[in-house]
file structure.cif (mmCIF, C-alpha atoms)
data_target
loop_
_atom_site.label_atom_id
_atom_site.label_comp_id
_atom_site.auth_asym_id
_atom_site.auth_seq_id
_atom_site.Cartn_x
_atom_site.Cartn_y
_atom_site.Cartn_z
CA MET A 1 102.89 154.75 173.27
CA ILE A 2 102.96 158.16 171.59
CA ILE A 3 105.98 158.74 169.37
CA THR A 4 106.76 162.44 169.48
CA GLU A 5 108.60 164.36 166.77
CA SER A 6 111.84 164.36 168.79
CA LEU A 7 111.59 160.63 169.52
CA ALA A 8 110.87 159.95 165.83
CA LYS A 9 114.06 161.78 164.88
CA GLY A 10 116.03 159.64 167.33
CA LEU A 11 114.52 156.44 165.93
CA LYS A 12 115.31 157.65 162.43
CA ASN A 13 118.95 158.16 163.43
CA ARG A 14 119.10 154.61 164.80
CA PHE A 15 117.54 153.27 161.63
CA PHE A 16 120.11 155.02 159.45
CA LEU A 17 122.96 153.77 161.65
CA GLU A 18 121.87 150.14 161.81
CA ILE A 19 120.13 149.25 158.53
CA SER A 20 123.27 148.81 156.37
CA ASP A 21 125.12 146.81 159.05
CA GLU A 22 122.12 144.54 159.47
CA LEU A 23 121.93 143.90 155.72
CA VAL A 24 125.68 143.25 155.41
CA ARG A 25 125.59 140.82 158.33
CA ARG A 26 122.78 138.84 156.74
CA LEU A 27 124.36 138.83 153.27
CA GLU A 28 127.64 137.55 154.70
CA LYS A 29 125.73 134.70 156.32
CA ALA A 30 123.93 133.98 153.04
CA ALA A 31 127.25 133.93 151.15
CA LYS A 32 128.84 131.19 153.26
CA PRO A 33 130.39 128.34 151.22
CA GLY A 34 128.12 125.33 150.82
CA LEU A 35 124.84 127.18 151.16
CA ARG A 36 124.09 126.66 147.45
CA GLY A 37 124.09 122.88 147.92
CA LYS A 38 123.32 120.46 145.10
CA ARG A 39 122.95 121.94 141.63
CA SER A 40 119.52 120.52 140.97
CA PRO A 41 115.95 121.88 140.88
CA GLY A 42 115.41 120.66 144.43
CA GLY A 43 118.73 122.10 145.56
CA TRP A 44 117.85 125.49 144.09
CA LEU A 45 114.47 125.58 145.84
CA LYS A 46 116.17 124.82 149.14
CA TYR A 47 118.82 127.47 148.44
CA GLN A 48 116.35 130.24 147.67
CA ASP A 49 114.21 129.38 150.69
CA THR A 50 117.27 129.45 152.94
CA PHE A 51 118.44 132.71 151.40
CA LYS A 52 115.03 134.29 152.01
CA LYS A 53 114.94 133.13 155.64
CA ILE A 54 118.40 134.57 156.28
CA LEU A 55 117.47 137.96 154.82
CA ASP A 56 114.14 137.81 156.65
CA ARG A 57 112.34 141.15 156.72
CA CYS A 58 115.42 143.05 155.55
CA ALA A 59 114.26 142.01 152.09
CA PHE A 60 110.88 143.75 151.97
CA VAL A 61 110.50 142.60 148.34
CA PHE A 62 111.54 139.06 147.38
CA TYR A 63 110.61 137.74 143.93
CA LEU A 64 110.91 134.19 142.55
CA GLY A 65 111.11 134.26 138.77
CA GLY A 66 112.14 132.39 135.64
CA SER A 67 111.16 128.92 134.50
CA LYS A 68 111.52 125.65 136.39
CA GLY A 69 114.64 124.87 134.37
CA LYS A 70 116.15 128.35 134.64
CA PRO A 71 114.91 129.94 137.86
CA TYR A 72 116.18 133.06 139.57
CA PHE A 73 115.27 135.16 142.57
CA ALA A 74 115.63 138.83 143.35
CA PHE A 75 115.36 140.93 146.48
CA MET A 76 115.21 144.55 147.57
CA SER A 77 116.60 145.93 150.82
CA LEU A 78 117.39 149.37 152.17
CA TRP A 79 120.92 150.55 152.80
CA ILE A 80 123.17 153.62 152.90
CA ASP A 81 124.94 154.16 149.60
CA GLU A 82 128.34 155.54 150.58
CA LYS A 83 128.54 157.37 147.24
CA ARG A 84 125.12 158.96 147.67
CA GLN A 85 124.55 159.68 151.35
CA TYR A 86 122.82 163.01 150.68
CA ASN A 87 120.04 163.92 148.26
CA GLN A 88 119.67 167.03 146.10
CA TRP A 89 118.78 169.13 149.15
CA ASP A 90 121.80 168.01 151.23
CA GLU A 91 119.51 165.90 153.38
CA LYS A 92 120.67 162.48 154.54
CA CYS A 93 119.00 159.75 152.53
CA ILE A 94 118.72 156.01 152.27
CA THR A 95 118.29 154.02 149.09
CA GLY A 96 117.43 150.54 147.90
CA MET A 97 119.92 147.78 147.25
CA MET A 98 118.51 145.40 144.67
CA ALA A 99 120.08 142.12 143.62
CA VAL A 100 119.30 139.28 141.26
CA VAL A 101 120.60 135.73 141.79
CA ASN A 102 120.37 133.47 138.73
CA SER A 103 120.87 129.71 138.61
CA ASP A 104 121.98 129.07 135.00
CA PRO A 105 124.29 130.69 134.14
CA PRO A 106 125.38 131.50 137.71
CA LEU A 107 124.90 135.20 138.35
CA PHE A 108 124.79 137.61 141.28
CA GLU A 109 124.17 141.16 140.12
CA ASP A 110 123.39 144.06 142.42
CA MET A 111 122.97 147.80 142.05
CA SER A 112 121.38 150.77 143.78
CA ALA A 113 117.65 151.14 143.21
CA LEU A 114 115.96 154.02 141.42
CA PHE A 115 114.90 155.87 144.56
CA ASN A 116 116.25 157.79 147.54
CA ILE A 117 114.28 158.22 150.76
CA GLY A 118 115.09 161.36 152.71
CA GLU A 119 115.53 161.30 156.47
CA HIS A 120 112.49 163.56 156.90
CA ALA A 121 110.26 160.90 155.29
CA VAL A 122 111.71 158.16 157.52
CA ALA A 123 111.17 160.25 160.66
CA ARG A 124 107.58 160.92 159.60
CA ILE A 125 106.95 157.16 159.32
CA PHE A 126 108.16 156.60 162.88
CA GLU A 127 105.96 159.47 164.04
CA ARG A 128 102.79 158.67 162.07
CA GLY A 129 103.10 155.22 160.51
CA ILE A 130 102.70 151.69 161.85
CA VAL A 131 105.49 150.93 164.34
CA LYS A 132 105.79 147.91 166.63
CA VAL A 133 106.44 148.57 170.31
CA ASP A 134 106.87 145.74 172.84
CA LYS A 135 105.50 145.63 176.39
CA ASP A 136 108.68 147.25 177.71
CA LEU A 137 108.13 150.18 175.30
CA ASN A 138 111.08 149.21 173.10
CA VAL A 139 110.54 150.28 169.50
CA ASP A 140 111.32 147.76 166.75
CA ILE A 141 113.01 150.11 164.30
CA PHE A 142 112.81 147.61 161.42
CA SER A 143 109.04 147.27 161.80
CA ILE A 144 108.61 150.22 159.40
CA LEU A 145 110.04 148.25 156.44
CA PRO A 146 106.59 147.04 155.22
CA GLU A 147 105.73 150.71 154.61
CA PHE A 148 108.11 150.61 151.63
CA TYR A 149 106.65 147.58 149.86
CA CYS A 150 105.31 149.61 146.89
CA VAL A 151 108.33 151.91 146.57
CA PRO A 152 110.45 149.68 144.26
CA LEU A 153 107.65 149.13 141.73
CA TRP A 154 106.36 152.68 141.59
CA SER A 155 109.77 154.35 141.67
CA SER A 156 110.83 152.21 138.69
CA PHE A 157 107.64 153.21 136.89
CA TRP A 158 107.92 156.95 137.60
CA VAL A 159 111.63 157.11 136.73
CA SER A 160 111.08 155.16 133.49
CA MET A 161 108.11 157.24 132.38
CA PHE A 162 109.62 160.61 133.22
CA GLN A 163 112.79 159.60 131.42
CA LEU A 164 110.66 159.18 128.28
CA PHE A 165 108.82 162.39 129.11
CA LYS A 166 112.08 164.35 129.27
CA MET A 167 112.85 163.31 125.69
CA ARG A 168 109.75 165.07 124.39
CA TYR A 169 109.48 168.05 126.74
CA SER A 170 111.77 171.01 126.14
CA ASN A 171 111.82 172.99 129.43
CA LEU A 172 113.08 170.44 131.95
CA ASN A 173 113.07 172.97 134.80
CA ASP A 174 109.28 172.61 134.89
CA LEU A 175 109.71 169.05 136.11
CA ASN A 176 110.85 170.29 139.52
CA GLN A 177 107.22 171.11 140.23
CA ILE A 178 105.97 167.55 139.68
CA TYR A 179 105.46 165.38 142.77
CA PRO A 180 104.78 161.70 141.97
CA VAL A 181 103.19 159.75 144.81
CA ILE A 182 103.71 156.16 145.97
CA PRO A 183 101.27 154.26 148.18
CA ALA A 184 102.56 153.09 151.56
CA LYS A 185 101.03 150.68 154.04
CA SER A 186 99.59 153.47 156.15
CA GLY A 187 99.83 156.56 153.95
CA LEU A 188 101.42 158.11 150.88
CA PHE A 189 105.01 158.94 149.95
CA PHE A 190 105.52 162.18 148.04
CA GLY A 191 108.49 162.23 145.70
CA GLN A 192 110.06 164.66 143.29
CA ILE A 193 111.48 164.23 139.81
CA SER A 194 114.81 165.84 139.00
CA ASN A 195 115.27 167.84 135.81
CA LYS A 196 118.53 166.03 135.15
CA GLU A 197 118.72 163.61 132.24
CA PHE A 198 118.53 160.47 134.38
CA GLU A 199 118.14 160.59 138.12
CA ARG A 200 116.51 158.62 140.91
CA LEU A 201 113.13 159.48 142.33
CA GLU A 202 113.64 161.53 145.48
CA ILE A 203 111.08 160.64 148.16
CA ARG A 204 110.71 163.78 150.23
CA THR A 205 108.02 163.06 152.80
CA PHE A 206 105.36 160.68 154.12
CA VAL A 207 101.76 161.58 154.96
CA ASP A 208 99.67 159.17 157.01
CA ASP A 209 96.19 158.06 155.92
CA LYS A 210 94.40 160.25 158.48
CA SER A 211 96.09 163.37 157.13
CA LEU A 212 95.44 162.73 153.42
CA THR A 213 92.94 164.84 151.53
CA LEU A 214 89.99 163.13 149.84
CA GLU A 215 91.77 163.45 146.48
CA GLN A 216 94.92 161.88 147.88
CA GLN A 217 92.94 159.04 149.50
CA GLN A 218 91.28 158.33 146.17
CA GLY A 219 94.64 158.50 144.39
CA LYS A 220 96.16 156.00 146.80
CA LYS A 221 93.23 153.64 146.27
CA ILE A 222 93.67 153.85 142.49
CA LEU A 223 97.43 153.26 142.61
CA LEU A 224 97.02 150.25 144.92
CA SER A 225 94.42 148.80 142.57
CA ILE A 226 96.71 149.27 139.55
CA SER A 227 99.72 147.65 141.22
CA SER A 228 97.78 144.84 142.91
CA GLY A 229 99.47 141.55 142.05
CA ILE A 230 102.58 143.11 140.48
CA GLU A 231 104.00 145.02 143.47
CA ASN A 232 106.39 142.07 143.87
CA SER A 233 107.67 141.62 140.32
CA PRO A 234 110.69 142.08 138.01
CA LEU A 235 109.77 145.73 137.45
CA CYS A 236 110.88 146.34 141.04
CA PHE A 237 114.41 145.42 139.92
CA TYR A 238 114.45 147.43 136.72
CA PRO A 239 116.70 147.37 134.74
CA ILE A 240 118.58 144.25 135.94
CA ALA A 241 116.03 141.58 134.92
CA GLY A 242 115.66 142.91 131.38
CA LYS A 243 119.35 143.67 130.97
CA PHE A 244 120.31 140.02 131.51
CA GLY A 245 117.34 138.59 129.58
CA LEU A 246 115.74 137.07 132.67
CA ASP A 247 112.31 138.60 132.02
CA GLU A 248 110.53 140.99 129.68
CA ASP A 249 109.93 143.32 132.62
CA TYR A 250 109.04 146.52 130.76
CA ILE A 251 105.67 145.16 129.67
CA LEU A 252 104.57 145.65 133.29
CA CYS A 253 105.37 149.35 132.98
CA GLN A 254 103.24 149.52 129.83
CA MET A 255 100.40 147.76 131.64
CA ILE A 256 100.52 150.37 134.41
CA CYS A 257 100.27 153.10 131.75
CA PHE A 258 97.19 151.43 130.28
CA GLU A 259 95.51 151.16 133.69
CA MET A 260 96.50 154.65 134.80
CA LEU A 261 94.77 156.23 131.80
CA LYS A 262 91.42 154.96 133.12
CA ASN A 263 91.71 157.36 136.07
CA TYR A 264 94.22 159.83 134.74
CA ASP A 265 92.53 163.01 135.92
CA ALA A 266 92.36 161.75 139.51
CA ILE A 267 96.06 160.86 139.55
CA ALA A 268 97.16 163.97 137.64
CA SER A 269 95.34 166.19 140.14
CA ILE A 270 97.74 164.89 142.81
CA ILE A 271 101.09 164.81 141.03
CA PHE A 272 100.69 168.22 139.34
CA TYR A 273 98.88 169.96 142.20
CA ARG A 274 101.75 172.28 143.19
CA ILE A 275 101.87 174.02 139.82
CA GLU A 276 100.18 177.39 140.31
CA ASP A 277 100.31 178.46 136.67
CA ASP A 278 97.11 177.04 135.15
CA GLN A 279 98.46 176.99 131.59
CA LEU A 280 101.67 175.24 132.61
CA ARG A 281 99.76 172.69 134.71
CA TYR A 282 97.44 171.90 131.79
CA LYS A 283 100.40 171.65 129.40
CA LEU A 284 102.32 169.23 131.63
CA LYS A 285 99.25 167.08 132.31
CA ASP A 286 98.48 166.90 128.59
CA GLN A 287 102.05 166.07 127.57
CA PHE A 288 102.44 163.40 130.23
CA LYS A 289 99.13 161.84 129.20
CA LYS A 290 100.44 161.54 125.64
CA CYS A 291 103.50 159.76 127.02
CA LEU A 292 101.25 157.28 128.84
CA LEU A 293 99.17 156.78 125.68
CA ASP A 294 102.27 155.96 123.62
CA GLN A 295 103.23 153.18 126.04
CA GLY A 296 99.74 152.01 127.00
CA LYS A 297 98.73 151.31 123.41
CA LEU A 298 101.35 148.56 123.24
CA VAL A 299 99.30 146.33 125.56
CA SER A 300 95.64 145.38 125.88
CA GLN A 301 93.02 144.71 128.53
CA GLU A 302 93.18 141.03 127.61
CA LEU A 303 96.89 140.90 128.51
CA ILE A 304 96.27 142.63 131.83
CA ASP A 305 93.39 140.29 132.65
CA LEU A 306 95.60 137.30 131.81
CA CYS A 307 98.34 138.54 134.16
CA LYS A 308 95.86 139.00 136.99
CA ARG A 309 94.38 135.57 136.38
CA ILE A 310 97.54 133.44 136.17
CA GLY A 311 100.02 135.59 138.14
CA VAL A 312 103.13 137.57 137.23
CA ARG A 313 105.63 134.73 136.89
CA PRO A 314 103.58 132.47 134.52
CA PHE A 315 102.47 135.55 132.59
CA LEU A 316 106.03 136.77 131.97
CA LEU A 317 107.09 133.28 130.91
CA GLU A 318 104.35 133.35 128.26
CA VAL A 319 105.46 136.81 127.17
CA LYS A 320 109.05 135.65 126.93
CA LYS A 321 108.03 132.67 124.77
CA ALA A 322 106.02 134.95 122.49
CA VAL A 323 108.87 137.47 122.13
CA PHE A 324 111.36 134.67 121.45
CA GLY A 325 109.05 133.27 118.79
CA VAL A 326 108.74 136.64 117.07
CA ARG A 327 112.51 137.14 117.12
CA MET A 328 113.16 133.70 115.68
CA GLY A 329 110.52 134.27 112.99
CA SER A 330 112.15 137.53 111.97
CA LYS A 331 115.41 135.64 111.44
CA GLY A 332 113.79 133.15 109.12
CA PHE A 333 113.34 130.25 111.59
CA LYS A 334 110.20 128.14 111.35
#
call {"tool": "encode", "arguments": {"input": "structure.cif", "output": "structure tokens"}}
result
Amino acid sequence: MIITESLAKGLKNRFFLEISDELVRRLEKAAKPGLRGKRSPGGWLKYQDTFKKILDRCAFVFYLGGSKGKPYFAFMSLWIDEKRQYNQWDEKCITGMMAVVNSDPPLFEDMSALFNIGEHAVARIFERGIVKVDKDLNVDIFSILPEFYCVPLWSSFWVSMFQLFKMRYSNLNDLNQIYPVIPAKSGLFFGQISNKEFERLEIRTFVDDKSLTLEQQQGKKILLSISSGIENSPLCFYPIAGKFGLDEDYILCQMICFEMLKNYDAIASIIFYRIEDDQLRYKLKDQFKKCLLDQGKLVSQELIDLCKRIGVRPFLLEVKKAVFGVRMGSKGFK
């Protein structure tokens, strides 16, 4: 089945109409009294498994974190934020709804994610991405959700890093020419950073793998390699996990900085490519590299190798123990 541009727009409209209602329906089911069950380690495991099954694919990121004694889980879904239905260009947009559910103390905290996805990008996914169609030619509009699996991680990274960048760069209007990219299942998302003090990453469009340039294909490969193993992690839910002391999530951002510096020129050639002024492009690339260096020097290759070897959750537990030990030592505890 060929999905034309006009059909893609119609599917996009359906997606925007139905995604929030679908999420609300599932959350109401997950919030029914008695679902939590026994307050025990076994009861919590059953609860989180049931919660995940109810949300199903609406939660395209679902992370199990914390220790055995103090576990939590977090999920990311897409929805329409009634307070932010349009992006900076008066285009309809959809955003992420992230939530963290903690066992002890009991906590359910949710907030809008650090990204907006414009309707043009969603229509492009239906037209050029991976979409499921049954034998009767009915399109499964929620089958595009896996395309967004890297968006929470990379949007948190880009927003965090450019927030630091804005503190050291004087002419913020130059930032409107920077287009961070995020890998998708079958292509690349192209976003834009606002020159405002703190703003979400605006995802403007989607380009499928077949239409990417060689530089963009290489950039996607690098970004996927960097985020491999941490694309489902507390950084996706920044800043909730760190705010409530559930995980030292920002170390993952620093690890990305360290890894990105290994192939900085290849990535910079993509995100700064629209800047026609050679001097300005060089200046921005150099200043952003310094920002990455400041953060990347706080971690090491050994830490990154350890995370890849044992996994995100055990790694962050070790980090949390180490940070707690340092804090206690600074207070005079032995």
call {"tool": "closest_residue", "arguments": {"input": "structure.cif", "among": "A:Ile80, A:Leu35, A:Met1, A:Ile117", "to": "Phe16 (chain A)", "atoms": "all atoms listed in the file"}}
result
A:Ile80
call {"tool": "residues_near_point", "arguments": {"input": "structure.cif", "point": "(100.7, 159.6, 125.6)", "cutoff": "12 Å", "atoms": "only C-alpha atoms", "output": "MDAnalysis selection string"}}
result
chainID A and resid 161:162 164:165 168 254 257:258 260:261 264 284:298
call {"tool": "atom_distance", "arguments": {"input": "structure.cif", "atom1": "CA of Glu248 (chain A)", "atom2": "CA of Cys150 (chain A)"}}
result
19.9 Å
call {"tool": "resolve_selection", "arguments": {"input": "structure.cif", "expression": "the PyMOL selection byres ((chain A and resi 74) around 10)", "output": "number ranges by chain"}}
result
A: 48, 52, 59, 61-65, 72-73, 75-76, 98-102, 108-110, 232-234, 236-237, 240-241
call {"tool": "write_last_selection", "arguments": {"input": "structure.cif", "atoms": "C-alpha atoms", "output": "PDB file, in the frame of the given file"}}
result
ATOM      1  CA  GLN A  48     116.350 130.240 147.670  1.00  0.00           C
ATOM      2  CA  LYS A  52     115.030 134.290 152.010  1.00  0.00           C
ATOM      3  CA  ALA A  59     114.260 142.010 152.090  1.00  0.00           C
ATOM      4  CA  VAL A  61     110.500 142.600 148.340  1.00  0.00           C
ATOM      5  CA  PHE A  62     111.540 139.060 147.380  1.00  0.00           C
ATOM      6  CA  TYR A  63     110.610 137.740 143.930  1.00  0.00           C
ATOM      7  CA  LEU A  64     110.910 134.190 142.550  1.00  0.00           C
ATOM      8  CA  GLY A  65     111.110 134.260 138.770  1.00  0.00           C
ATOM      9  CA  TYR A  72     116.180 133.060 139.570  1.00  0.00           C
ATOM     10  CA  PHE A  73     115.270 135.160 142.570  1.00  0.00           C
ATOM     11  CA  PHE A  75     115.360 140.930 146.480  1.00  0.00           C
ATOM     12  CA  MET A  76     115.210 144.550 147.570  1.00  0.00           C
ATOM     13  CA  MET A  98     118.510 145.400 144.670  1.00  0.00           C
ATOM     14  CA  ALA A  99     120.080 142.120 143.620  1.00  0.00           C
ATOM     15  CA  VAL A 100     119.300 139.280 141.260  1.00  0.00           C
ATOM     16  CA  VAL A 101     120.600 135.730 141.790  1.00  0.00           C
ATOM     17  CA  ASN A 102     120.370 133.470 138.730  1.00  0.00           C
ATOM     18  CA  PHE A 108     124.790 137.610 141.280  1.00  0.00           C
ATOM     19  CA  GLU A 109     124.170 141.160 140.120  1.00  0.00           C
ATOM     20  CA  ASP A 110     123.390 144.060 142.420  1.00  0.00           C
ATOM     21  CA  ASN A 232     106.390 142.070 143.870  1.00  0.00           C
ATOM     22  CA  SER A 233     107.670 141.620 140.320  1.00  0.00           C
ATOM     23  CA  PRO A 234     110.690 142.080 138.010  1.00  0.00           C
ATOM     24  CA  CYS A 236     110.880 146.340 141.040  1.00  0.00           C
ATOM     25  CA  PHE A 237     114.410 145.420 139.920  1.00  0.00           C
ATOM     26  CA  ILE A 240     118.580 144.250 135.940  1.00  0.00           C
ATOM     27  CA  ALA A 241     116.030 141.580 134.920  1.00  0.00           C
TER      28      ALA A 241
END
call {"tool": "resolve_selection", "arguments": {"input": "structure.cif", "expression": "the PyMOL selection byres ((chain A and resi 27) around 12)", "output": "number ranges by chain"}}
result
A: 20-26, 28-32, 35, 50-56, 58-59, 75, 77, 97, 99
call {"tool": "write_last_selection", "arguments": {"input": "structure.cif", "atoms": "C-alpha atoms", "output": "PDB file, keeping the file's coordinate frame"}}
result
ATOM      1  CA  SER A  20     123.270 148.810 156.370  1.00  0.00           C
ATOM      2  CA  ASP A  21     125.120 146.810 159.050  1.00  0.00           C
ATOM      3  CA  GLU A  22     122.120 144.540 159.470  1.00  0.00           C
ATOM      4  CA  LEU A  23     121.930 143.900 155.720  1.00  0.00           C
ATOM      5  CA  VAL A  24     125.680 143.250 155.410  1.00  0.00           C
ATOM      6  CA  ARG A  25     125.590 140.820 158.330  1.00  0.00           C
ATOM      7  CA  ARG A  26     122.780 138.840 156.740  1.00  0.00           C
ATOM      8  CA  GLU A  28     127.640 137.550 154.700  1.00  0.00           C
ATOM      9  CA  LYS A  29     125.730 134.700 156.320  1.00  0.00           C
ATOM     10  CA  ALA A  30     123.930 133.980 153.040  1.00  0.00           C
ATOM     11  CA  ALA A  31     127.250 133.930 151.150  1.00  0.00           C
ATOM     12  CA  LYS A  32     128.840 131.190 153.260  1.00  0.00           C
ATOM     13  CA  LEU A  35     124.840 127.180 151.160  1.00  0.00           C
ATOM     14  CA  THR A  50     117.270 129.450 152.940  1.00  0.00           C
ATOM     15  CA  PHE A  51     118.440 132.710 151.400  1.00  0.00           C
ATOM     16  CA  LYS A  52     115.030 134.290 152.010  1.00  0.00           C
ATOM     17  CA  LYS A  53     114.940 133.130 155.640  1.00  0.00           C
ATOM     18  CA  ILE A  54     118.400 134.570 156.280  1.00  0.00           C
ATOM     19  CA  LEU A  55     117.470 137.960 154.820  1.00  0.00           C
ATOM     20  CA  ASP A  56     114.140 137.810 156.650  1.00  0.00           C
ATOM     21  CA  CYS A  58     115.420 143.050 155.550  1.00  0.00           C
ATOM     22  CA  ALA A  59     114.260 142.010 152.090  1.00  0.00           C
ATOM     23  CA  PHE A  75     115.360 140.930 146.480  1.00  0.00           C
ATOM     24  CA  SER A  77     116.600 145.930 150.820  1.00  0.00           C
ATOM     25  CA  MET A  97     119.920 147.780 147.250  1.00  0.00           C
ATOM     26  CA  ALA A  99     120.080 142.120 143.620  1.00  0.00           C
TER      27      ALA A  99
END
call {"tool": "closest_residue", "arguments": {"input": "structure.cif", "among": "A:Asn116, A:Asn263, A:Ser160, A:Ser228", "to": "Gly191 (chain A)", "atoms": "only C-alpha atoms"}}
result
A:Asn116
call {"tool": "residues_around", "arguments": {"input": "structure.cif", "residues": "Asp209 (chain A)", "least_positions_apart": "3", "cutoff": "12 Å", "atoms": "only C-alpha atoms", "output": "list in words"}}
result
Ile125, Arg128, Gly129, Ile130, Pro183, Ala184, Lys185, Ser186, Gly187, Leu188, Phe189, Phe206, Leu212, Thr213, Leu214, Glu215, Gln216, Gln217, Gln218, Gly219, Lys220 and Lys221 of chain A
call {"tool": "residues_around", "arguments": {"input": "structure.cif", "residues": "Asp104 (chain A)", "least_positions_apart": "5", "cutoff": "9 Å", "atoms": "all atoms listed in the file", "output": "list in words"}}
result
Gly69, Lys70, Pro71 and Tyr72 of chain A
call {"tool": "build_atoms", "arguments": {"input": "structure.cif", "residues": "region 12-26 of chain A", "atoms": "N, CA and C atoms", "output": "compact mmCIF listing (two decimals), in the frame of the given file"}}
result
# COMPACT_ATOMS: atom_id res chain seq x y z
N LYS A 12 114.80 157.53 163.80
CA LYS A 12 115.31 157.65 162.43
C LYS A 12 116.82 157.55 162.41
N ASN A 13 117.48 158.20 163.35
CA ASN A 13 118.95 158.16 163.43
C ASN A 13 119.44 156.73 163.67
N ARG A 14 118.76 156.01 164.55
CA ARG A 14 119.10 154.61 164.80
C ARG A 14 118.93 153.77 163.53
N PHE A 15 117.83 154.00 162.86
CA PHE A 15 117.54 153.27 161.63
C PHE A 15 118.65 153.47 160.60
N PHE A 16 119.06 154.72 160.42
CA PHE A 16 120.11 155.02 159.45
C PHE A 16 121.45 154.39 159.86
N LEU A 17 121.71 154.33 161.15
CA LEU A 17 122.96 153.77 161.65
C LEU A 17 123.01 152.25 161.51
N GLU A 18 121.88 151.60 161.68
CA GLU A 18 121.87 150.14 161.81
C GLU A 18 121.45 149.37 160.56
N ILE A 19 120.72 150.01 159.62
CA ILE A 19 120.13 149.25 158.53
C ILE A 19 121.18 148.62 157.62
N SER A 20 122.24 149.36 157.26
CA SER A 20 123.27 148.81 156.37
C SER A 20 124.04 147.68 157.05
N ASP A 21 124.39 147.86 158.32
CA ASP A 21 125.12 146.81 159.05
C ASP A 21 124.29 145.55 159.15
N GLU A 22 123.01 145.71 159.37
CA GLU A 22 122.12 144.54 159.47
C GLU A 22 122.07 143.79 158.14
N LEU A 23 121.98 144.53 157.03
CA LEU A 23 121.93 143.90 155.72
C LEU A 23 123.25 143.19 155.41
N VAL A 24 124.37 143.85 155.67
CA VAL A 24 125.68 143.25 155.41
C VAL A 24 125.86 141.97 156.22
N ARG A 25 125.47 142.01 157.47
CA ARG A 25 125.59 140.82 158.33
C ARG A 25 124.80 139.64 157.76
N ARG A 26 123.61 139.91 157.29
CA ARG A 26 122.78 138.84 156.74
C ARG A 26 123.31 138.34 155.40
